[in-house]
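Shown next: start-v4.txt, given as compact mmCIF, C-alpha atoms and all ligand atoms.
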# COMPACT_ATOMS: atom_id res chain seq x y z
CA MET S 13 0.49 8.39 -17.10
CA THR S 14 3.06 5.94 -15.74
CA THR S 15 3.40 3.33 -18.45
CA SER S 16 5.94 0.56 -18.91
CA HIS S 17 6.27 -2.58 -21.02
CA SER S 18 3.47 -5.03 -20.51
CA GLY S 19 4.49 -7.72 -18.08
CA PRO S 20 2.78 -10.92 -17.16
CA LEU S 21 0.73 -9.24 -14.42
CA ALA S 22 -2.75 -7.72 -14.75
CA ILE S 23 -2.54 -6.15 -11.26
CA ASN S 24 0.59 -5.31 -9.32
CA ALA S 25 -0.29 -3.42 -6.15
CA ALA S 26 2.60 -2.86 -3.76
CA ASP S 27 2.78 -1.64 -0.17
CA LEU S 28 -0.53 0.23 -0.07
CA HIS S 29 -1.24 2.53 2.85
CA LYS S 30 -4.46 4.47 3.43
CA ARG S 31 -5.47 6.49 6.49
CA PHE S 32 -8.85 8.14 7.01
CA VAL S 33 -8.93 11.17 9.31
CA LEU S 34 -12.45 11.61 10.69
CA HIS S 35 -12.68 15.34 11.29
CA LEU S 36 -16.21 15.08 12.71
CA GLN S 37 -14.88 12.62 15.31
CA GLY S 38 -12.22 14.87 16.76
CA GLY S 39 -9.65 13.95 14.12
CA LEU S 40 -9.85 10.21 14.79
CA GLU S 41 -7.37 8.36 12.55
CA LEU S 42 -8.23 5.04 10.93
CA ASP S 43 -5.47 3.13 9.17
CA VAL S 44 -7.53 1.02 6.77
CA LEU S 45 -4.63 -0.17 4.60
CA ARG S 46 -1.30 -0.84 6.28
CA GLY S 47 0.91 -2.62 3.81
CA ALA S 48 -1.40 -4.38 1.37
CA ASN S 49 0.11 -6.18 -1.62
CA LEU S 50 -1.58 -7.94 -4.50
CA LYS S 51 -0.28 -9.51 -7.68
CA VAL S 52 -2.68 -11.07 -10.16
CA GLN S 53 -1.88 -12.71 -13.47
CA PRO S 54 -4.18 -12.73 -16.51
CA GLY S 55 -6.50 -15.72 -16.36
CA ALA S 56 -6.32 -16.04 -12.55
CA CYS S 57 -9.10 -15.59 -10.02
CA ILE S 58 -8.00 -14.39 -6.59
CA ALA S 59 -10.28 -14.56 -3.55
CA LEU S 60 -9.84 -11.69 -1.12
CA VAL S 61 -10.66 -13.07 2.31
CA GLY S 62 -10.44 -11.86 5.91
CA PRO S 63 -12.59 -10.70 8.80
CA SER S 64 -15.19 -7.95 8.59
CA GLY S 65 -13.54 -4.54 8.74
CA ALA S 66 -10.14 -5.88 7.62
CA GLY S 67 -10.08 -3.52 4.64
CA LYS S 68 -11.15 -5.75 1.73
CA SER S 69 -13.63 -3.29 0.21
CA SER S 70 -11.22 -0.43 0.84
CA LEU S 71 -8.48 -2.30 -1.04
CA MET S 72 -10.88 -2.92 -3.91
CA ARG S 73 -11.93 0.73 -4.02
CA ALA S 74 -8.25 1.72 -4.02
CA LEU S 75 -7.59 -0.64 -6.95
CA TYR S 76 -10.46 0.99 -8.85
CA GLY S 77 -9.22 4.48 -8.02
CA ASN S 78 -12.19 5.40 -5.80
CA TYR S 79 -9.99 5.72 -2.72
CA ARG S 80 -6.78 7.69 -3.14
CA ILE S 81 -4.02 5.90 -1.27
CA ASP S 82 -1.39 7.71 0.82
CA SER S 83 1.55 5.62 -0.40
CA GLY S 84 2.30 2.61 -2.55
CA SER S 85 1.62 1.83 -6.20
CA ILE S 86 -1.30 0.21 -8.04
CA ARG S 87 -0.23 -0.88 -11.47
CA ILE S 88 -3.02 -2.09 -13.75
CA ALA S 89 -2.49 -3.57 -17.23
CA HIS S 90 -3.89 -1.14 -19.82
CA ASP S 91 -3.39 -0.77 -23.58
CA GLY S 92 -0.28 -2.96 -23.61
CA GLY S 93 1.39 -1.21 -20.66
CA MET S 94 0.89 -0.71 -16.94
CA VAL S 95 -0.83 2.39 -15.50
CA ASP S 96 -0.25 3.37 -11.88
CA ILE S 97 -3.76 4.19 -10.64
CA ALA S 98 -2.22 5.82 -7.55
CA SER S 99 -0.56 8.57 -9.59
CA ALA S 100 -2.77 8.65 -12.70
CA SER S 101 -4.94 11.67 -13.55
CA PRO S 102 -8.75 11.38 -13.39
CA ALA S 103 -8.86 11.23 -17.22
CA GLU S 104 -6.32 8.40 -17.25
CA ILE S 105 -8.28 6.49 -14.58
CA LEU S 106 -11.42 6.94 -16.69
CA ALA S 107 -9.66 5.50 -19.74
CA VAL S 108 -8.51 2.48 -17.70
CA ARG S 109 -12.09 1.99 -16.47
CA GLN S 110 -13.50 2.26 -19.99
CA ARG S 111 -11.24 -0.33 -21.56
CA SER S 112 -9.36 -2.39 -19.00
CA LEU S 113 -10.85 -2.48 -15.52
CA GLY S 114 -14.38 -3.51 -14.56
CA TYR S 115 -15.88 -3.33 -11.08
CA VAL S 116 -19.04 -4.88 -9.70
CA SER S 117 -19.97 -3.23 -6.42
CA GLN S 118 -22.39 -4.88 -4.02
CA PHE S 119 -25.18 -2.54 -5.00
CA LEU S 120 -26.59 -1.56 -8.37
CA ARG S 121 -26.25 2.08 -9.23
CA ALA S 122 -28.15 2.81 -12.42
CA ILE S 123 -29.65 5.82 -14.11
CA PRO S 124 -33.31 6.06 -12.93
CA ARG S 125 -35.92 5.12 -15.56
CA LEU S 126 -33.41 3.20 -17.70
CA SER S 127 -34.70 -0.34 -18.32
CA ALA S 128 -32.72 -3.37 -17.16
CA LEU S 129 -32.04 -4.22 -20.81
CA ASP S 130 -30.71 -0.73 -21.50
CA VAL S 131 -28.58 -0.75 -18.32
CA VAL S 132 -26.85 -3.93 -19.50
CA ALA S 133 -26.72 -3.01 -23.21
CA SER S 134 -25.25 0.45 -22.50
CA SER S 135 -22.26 -1.23 -20.93
CA ALA S 136 -21.55 -3.15 -24.17
CA ILE S 137 -22.28 -0.07 -26.33
CA ALA S 138 -19.73 1.91 -24.29
CA ARG S 139 -17.18 -0.76 -25.23
CA GLY S 140 -17.86 -0.33 -28.95
CA ILE S 141 -20.51 -2.99 -29.64
CA ASP S 142 -23.19 -2.08 -32.23
CA GLU S 143 -26.46 -1.07 -30.54
CA ASN S 144 -28.66 -3.89 -31.92
CA GLU S 145 -26.05 -6.50 -31.13
CA ALA S 146 -25.56 -5.02 -27.64
CA ARG S 147 -29.30 -5.28 -26.95
CA ARG S 148 -29.36 -8.87 -28.22
CA GLN S 149 -26.40 -9.79 -25.98
CA ALA S 150 -27.97 -7.94 -23.05
CA GLY S 151 -31.21 -9.92 -23.40
CA ALA S 152 -29.28 -13.19 -23.58
CA MET S 153 -27.16 -12.32 -20.53
CA LEU S 154 -30.23 -11.29 -18.48
CA GLU S 155 -31.92 -14.53 -19.50
CA ARG S 156 -28.85 -16.52 -18.51
CA LEU S 157 -28.97 -14.85 -15.11
CA ARG S 158 -32.65 -15.77 -14.87
CA ILE S 159 -34.12 -12.28 -14.98
CA PRO S 160 -37.65 -12.94 -16.36
CA ALA S 161 -38.29 -11.43 -19.82
CA ALA S 162 -41.20 -9.41 -18.36
CA LEU S 163 -38.70 -7.46 -16.24
CA HIS S 164 -36.24 -6.61 -19.05
CA THR S 165 -38.13 -3.47 -20.05
CA LEU S 166 -38.56 -2.22 -16.48
CA PRO S 167 -36.11 -0.02 -14.54
CA PRO S 168 -34.30 -2.18 -11.94
CA ILE S 169 -35.03 0.26 -9.10
CA THR S 170 -38.07 -1.84 -8.02
CA PHE S 171 -36.29 -5.20 -8.44
CA SER S 172 -35.47 -7.47 -5.50
CA GLY S 173 -31.95 -7.37 -4.02
CA GLY S 174 -30.95 -10.56 -5.84
CA GLU S 175 -32.43 -9.33 -9.15
CA GLN S 176 -30.55 -6.04 -8.85
CA GLN S 177 -27.31 -7.89 -8.12
CA ARG S 178 -27.86 -10.05 -11.21
CA VAL S 179 -28.45 -6.97 -13.40
CA ASN S 180 -25.25 -5.53 -11.95
CA LEU S 181 -23.35 -8.74 -12.76
CA ALA S 182 -24.90 -8.91 -16.27
CA ARG S 183 -23.70 -5.37 -16.93
CA SER S 184 -20.10 -6.41 -16.27
CA PHE S 185 -20.06 -9.95 -17.62
CA ILE S 186 -21.45 -8.79 -20.97
CA CYS S 187 -18.03 -7.19 -21.49
CA ASP S 188 -14.75 -9.00 -21.86
CA TRP S 189 -12.83 -7.16 -19.12
CA PRO S 190 -9.05 -7.71 -18.97
CA THR S 191 -9.32 -7.15 -15.20
CA LEU S 192 -12.49 -7.44 -13.15
CA LEU S 193 -13.11 -6.61 -9.47
CA LEU S 194 -16.09 -8.29 -7.78
CA ASP S 195 -17.29 -7.19 -4.34
CA GLU S 196 -19.17 -10.18 -2.87
CA PRO S 197 -20.62 -11.17 -6.25
CA THR S 198 -23.07 -13.79 -4.97
CA ALA S 199 -24.09 -12.25 -1.62
CA SER S 200 -27.84 -12.00 -2.40
CA LEU S 201 -28.15 -14.90 -4.83
CA ASP S 202 -29.97 -18.22 -4.76
CA PRO S 203 -27.95 -21.42 -5.40
CA THR S 204 -28.86 -21.64 -9.12
CA SER S 205 -27.81 -18.05 -9.77
CA ARG S 206 -24.62 -18.65 -7.78
CA ASP S 207 -23.82 -21.55 -10.08
CA THR S 208 -24.31 -19.29 -13.11
CA VAL S 209 -21.99 -16.66 -11.63
CA CYS S 210 -19.35 -19.33 -10.94
CA ASP S 211 -19.61 -20.40 -14.60
CA LEU S 212 -19.33 -16.77 -15.80
CA ILE S 213 -16.22 -16.26 -13.65
CA ALA S 214 -14.62 -19.47 -14.97
CA GLU S 215 -15.44 -18.53 -18.58
CA ALA S 216 -13.97 -15.03 -18.11
CA CYS S 217 -10.76 -16.48 -16.63
CA ASN S 218 -10.50 -18.96 -19.50
CA ARG S 219 -10.63 -15.99 -21.89
CA GLY S 220 -7.74 -14.42 -19.96
CA SER S 221 -9.48 -12.06 -17.54
CA ALA S 222 -7.80 -11.44 -14.20
CA ILE S 223 -10.43 -11.46 -11.44
CA VAL S 224 -10.29 -10.36 -7.81
CA ALA S 225 -13.37 -11.29 -5.76
CA ILE S 226 -14.20 -10.53 -2.15
CA VAL S 227 -15.58 -13.81 -0.89
CA HIS S 228 -16.82 -14.70 2.59
CA ASP S 229 -18.10 -18.19 1.86
CA PRO S 230 -15.26 -20.78 1.90
CA ALA S 231 -17.23 -23.12 -0.39
CA LEU S 232 -17.55 -20.39 -3.01
CA ARG S 233 -13.88 -19.51 -2.60
CA ASP S 234 -12.91 -23.14 -3.25
CA ARG S 235 -15.05 -23.17 -6.38
CA ILE S 236 -13.86 -19.99 -8.07
CA ALA S 237 -10.41 -19.09 -6.77
CA ASP S 238 -6.96 -20.17 -7.91
CA ARG S 239 -5.58 -18.76 -4.66
CA SER S 240 -6.63 -16.61 -1.72
CA VAL S 241 -5.13 -13.45 -0.30
CA ARG S 242 -5.93 -12.80 3.34
CA LEU S 243 -6.30 -9.28 4.67
CA GLU S 244 -6.12 -8.54 8.38
CA ASN S 245 -5.99 -5.07 9.89
CA GLY S 246 -5.32 -3.58 6.47
CA ALA S 247 -2.31 -5.79 5.71
CA THR S 248 -2.04 -8.79 3.43
CA LEU S 249 -0.67 -11.41 5.80
CA GLU S 250 -0.51 -14.62 3.88
CA GLU S 251 -1.56 -16.35 0.75
CA ILE S 252 -3.20 -19.66 1.36
CA PRO S 253 -4.07 -22.25 -1.27
CA ALA S 254 -7.71 -21.96 -2.28
N1 LIG U 301 -14.82 6.32 3.51
C1 LIG U 301 -14.47 5.89 4.72
N2 LIG U 301 -14.34 6.76 5.75
C2 LIG U 301 -13.99 6.32 6.99
N3 LIG U 301 -13.71 5.03 7.29
C3 LIG U 301 -13.81 4.14 6.29
C4 LIG U 301 -14.20 4.51 4.97
N4 LIG U 301 -14.21 3.39 4.21
C5 LIG U 301 -13.86 2.38 5.02
N5 LIG U 301 -13.63 2.82 6.26
C6 LIG U 301 -13.24 2.01 7.43
O1 LIG U 301 -12.23 1.12 7.01
C7 LIG U 301 -12.34 -0.12 7.71
C8 LIG U 301 -12.34 -1.25 6.71
O2 LIG U 301 -13.56 -1.23 6.01
P1 LIG U 301 -13.82 -2.15 4.74
O3 LIG U 301 -15.21 -1.90 4.25
O4 LIG U 301 -12.72 -1.99 3.78
O5 LIG U 301 -13.73 -3.62 5.41
P2 LIG U 301 -14.12 -5.03 4.83
O6 LIG U 301 -12.97 -5.95 5.10
O7 LIG U 301 -14.53 -4.91 3.40
O8 LIG U 301 -15.35 -5.40 5.73
P3 LIG U 301 -16.68 -6.29 5.44
O9 LIG U 301 -16.20 -7.71 5.24
O10 LIG U 301 -17.47 -6.12 6.69
O11 LIG U 301 -17.37 -5.70 4.24
C9 LIG U 301 -13.62 -0.04 8.53
O12 LIG U 301 -13.27 0.22 9.88
C10 LIG U 301 -14.37 1.12 7.93
O13 LIG U 301 -15.15 1.78 8.86
Output the file's structure in the form of structure tokens.
Amino acid sequence: MTTSHSGPLAINAADLHKRFVLHLQGGLELDVLRGANLKVQPGACIALVGPSGAGKSSLMRALYGNYRIDSGSIRIAHDGGMVDIASASPAEILAVRQRSLGYVSQFLRAIPRLSALDVVASSAIARGIDENEARRQAGAMLERLRIPAALHTLPPITFSGGEQQRVNLARSFICDWPTLLLDEPTASLDPTSRDTVCDLIAEACNRGSAIVAIVHDPALRDRIADRSVRLENGATLEEIPA
């Protein structure tokens, strides 16, 4: 594990490069990250913007350790130090994900047959919350995100797209993540649910969470982000005021 003294940053990603070689396409090479940089302080919300295919989701997956980068460093605040996700072992990445780094992908991936309440509560239990208290908090969070009580005991597999996204968000916002990555957090949501998610983001930042959110809608960006980082052709080109 690469650890150093804790600095003021929650994320310090520098000069990231990632190339995919598509062997089934005659070795076609795709440079998805070509010099991406990202610094995020605790308590800040950064909007990741840029055209479709620019590499936003790839950057987020690299930050979470799902995509192994070819060069660069991804330092994430963890247990009072900084861990370089790019060189950390799988066990170290797991520890960072358990305690320091949350990620809400666009789609819910849950264990089949687990009820919505259990999906959300298990996230809190994994972070050390007592089981009864976790279930109470899970019910409250689902209610806040307007998942009807009748659905709490059902597995979310049959839920609508927006309901699944809200269960996914509830599962992360029930925990107090030091750093949280959100991939288009309101893509399938109605205006009222969007408002709730904006409130949850603001509350998390006020508690000191660092948040990076992929956002396509400029109005949403203006509501939630302290600043924006633009990605084009795999490179962070500019930072524009939100
Ligand atoms: N696992 C992969 N294998 C091959 N190519 C990939 C892989 N993941 C991403 N890419 C390619 O990387 C490029 C960037 O994709 P990415 O999903 O990061 O873009 P994006 O900016 O998030 O786009 P969008 O806004 O449309 O979601 C695309 O050309 C995509 O096809």
Which residues are near ligand LIG 301 (chain U) in this structure, taking near to mean any atom at most 6 Å from a ligand atom and counting all atoms listed in the file? Format them as a PDB file with C-alpha atoms, in the frame of the given file.
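What ended up in part23.pdb:
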ATOM      1  CA  PHE S  32      -8.850   8.140   7.010  1.00  0.00           C
ATOM      2  CA  VAL S  44      -7.530   1.020   6.770  1.00  0.00           C
ATOM      3  CA  PRO S  63     -12.590 -10.700   8.800  1.00  0.00           C
ATOM      4  CA  SER S  64     -15.190  -7.950   8.590  1.00  0.00           C
ATOM      5  CA  GLY S  65     -13.540  -4.540   8.740  1.00  0.00           C
ATOM      6  CA  ALA S  66     -10.140  -5.880   7.620  1.00  0.00           C
ATOM      7  CA  GLY S  67     -10.080  -3.520   4.640  1.00  0.00           C
ATOM      8  CA  LYS S  68     -11.150  -5.750   1.730  1.00  0.00           C
ATOM      9  CA  SER S  69     -13.630  -3.290   0.210  1.00  0.00           C
ATOM     10  CA  SER S  70     -11.220  -0.430   0.840  1.00  0.00           C
TER      11      SER S  70
END
Got a sec: who's within 12 Å of Val241 of chain S, counting only C-alpha atoms, leaving out chain neighbours fewer than 4 positions off, as an MDAnalysis selection string?
chainID S and resid 48:52 57:62 68 71 224:227 233 237 246:254
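Minimum atom-to-atom distance to Ala216 of chain S, evaluated using only C-alpha atoms, belongs to S:Ala56 out of S:Ala199, S:Ala152, S:Ile23, S:Ala56.
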Spatial neighbours of segment 155-167 of chain S, 6 Å, all atoms listed in the file, chain gap at least 5 places, as a list in words:
Arg125, Leu126, Ser127, Ala128 and Leu129 of chain S
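If you measure from each of S:Ser135, S:Asn180, S:Thr191, S:Ser172 to His90 of chain S using all atoms listed in the file, the closest one turns out to be S:Thr191.
A straight line drawn from atom CA of Met153 of chain S to atom CA of Ala182 of chain S is 5.9 Å long.
Shortest separation to Asp96 of chain S among S:Leu232, S:Leu193, S:Val116, S:Ile81 occurs at residue S:Ile81, atoms counted being all atoms listed in the file.
Between atom CA of Pro190 of chain S and atom CA of Asn144 of chain S the interatomic distance comes to 23.8 Å.
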Can you pull out the residues contacting Lys30 of chain S? Cut-off 9 Å, using only C-alpha atoms, and skip same-chain residues under 4 positions away; I want them as a list in words.
Leu42, Asp43, Val44, Leu45, Arg46, Gly47, Ser70, Ala74, Tyr79, Arg80, Ile81, Asp82, Ser83 and Gly246 of chain S
Using the selection just defined, write its residues with C-alpha atoms as a CSV table (one decimal), in the frame of the given file.
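What ended up in result39.csv:
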chain,number,residue,atom,x,y,z
S,42,LEU,CA,-8.2,5.0,10.9
S,43,ASP,CA,-5.5,3.1,9.2
S,44,VAL,CA,-7.5,1.0,6.8
S,45,LEU,CA,-4.6,-0.2,4.6
S,46,ARG,CA,-1.3,-0.8,6.3
S,47,GLY,CA,0.9,-2.6,3.8
S,70,SER,CA,-11.2,-0.4,0.8
S,74,ALA,CA,-8.2,1.7,-4.0
S,79,TYR,CA,-10.0,5.7,-2.7
S,80,ARG,CA,-6.8,7.7,-3.1
S,81,ILE,CA,-4.0,5.9,-1.3
S,82,ASP,CA,-1.4,7.7,0.8
S,83,SER,CA,1.6,5.6,-0.4
S,246,GLY,CA,-5.3,-3.6,6.5
Can you pull out every residue within 9 Å of Gly174 of chain S, counting all atoms listed in the file, but drop anything in the same chain fewer than 6 positions away, and send it as number ranges by chain?
S: 198-202
Resulting file, chosen residues, C-alpha atoms, as a PDB file, in the frame of the given file:
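Saved file out_21.pdb follows:
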ATOM      1  CA  THR S 198     -23.070 -13.790  -4.970  1.00  0.00           C
ATOM      2  CA  ALA S 199     -24.090 -12.250  -1.620  1.00  0.00           C
ATOM      3  CA  SER S 200     -27.840 -12.000  -2.400  1.00  0.00           C
ATOM      4  CA  LEU S 201     -28.150 -14.900  -4.830  1.00  0.00           C
ATOM      5  CA  ASP S 202     -29.970 -18.220  -4.760  1.00  0.00           C
TER       6      ASP S 202
END
Please identify all polymer residues within 9 Å of Ile213 of chain S, counting all atoms listed in the file, omitting same-chain residues fewer than 3 positions from it, and present them as an MDAnalysis selection string.
chainID S and resid 57 185 208:210 216:218 221 223 236
Identify the residues within 6 Å of coordinate (-30.0, -5.5, -23.6) (same frame as the file), considering all atoms listed in the file, and give the answer as a PyMOL selection string.
chain S and resi 129-130+132-133+147-148+150-151
Quote the spacing between atom CA of His29 of chain S and atom CA of Ser117 of chain S in Å to one decimal place.
21.7 Å
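With all atoms listed in the file as the basis for measurement, S:Ala22 is the residue among S:Ala22, S:Ala136, S:Ala222, S:Val179 that approaches Ile86 of chain S most closely.
Distances here use only C-alpha atoms; by that measure, the residue among S:Pro197, S:Gly77, S:Pro203, S:Pro230 closest to Val95 of chain S is S:Gly77.
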So, with all atoms listed in the file as the atoms that count, which of S:Gly38, S:Pro54, S:Pro124, S:Gly93 lies closest to Thr170 of chain S?
S:Pro124
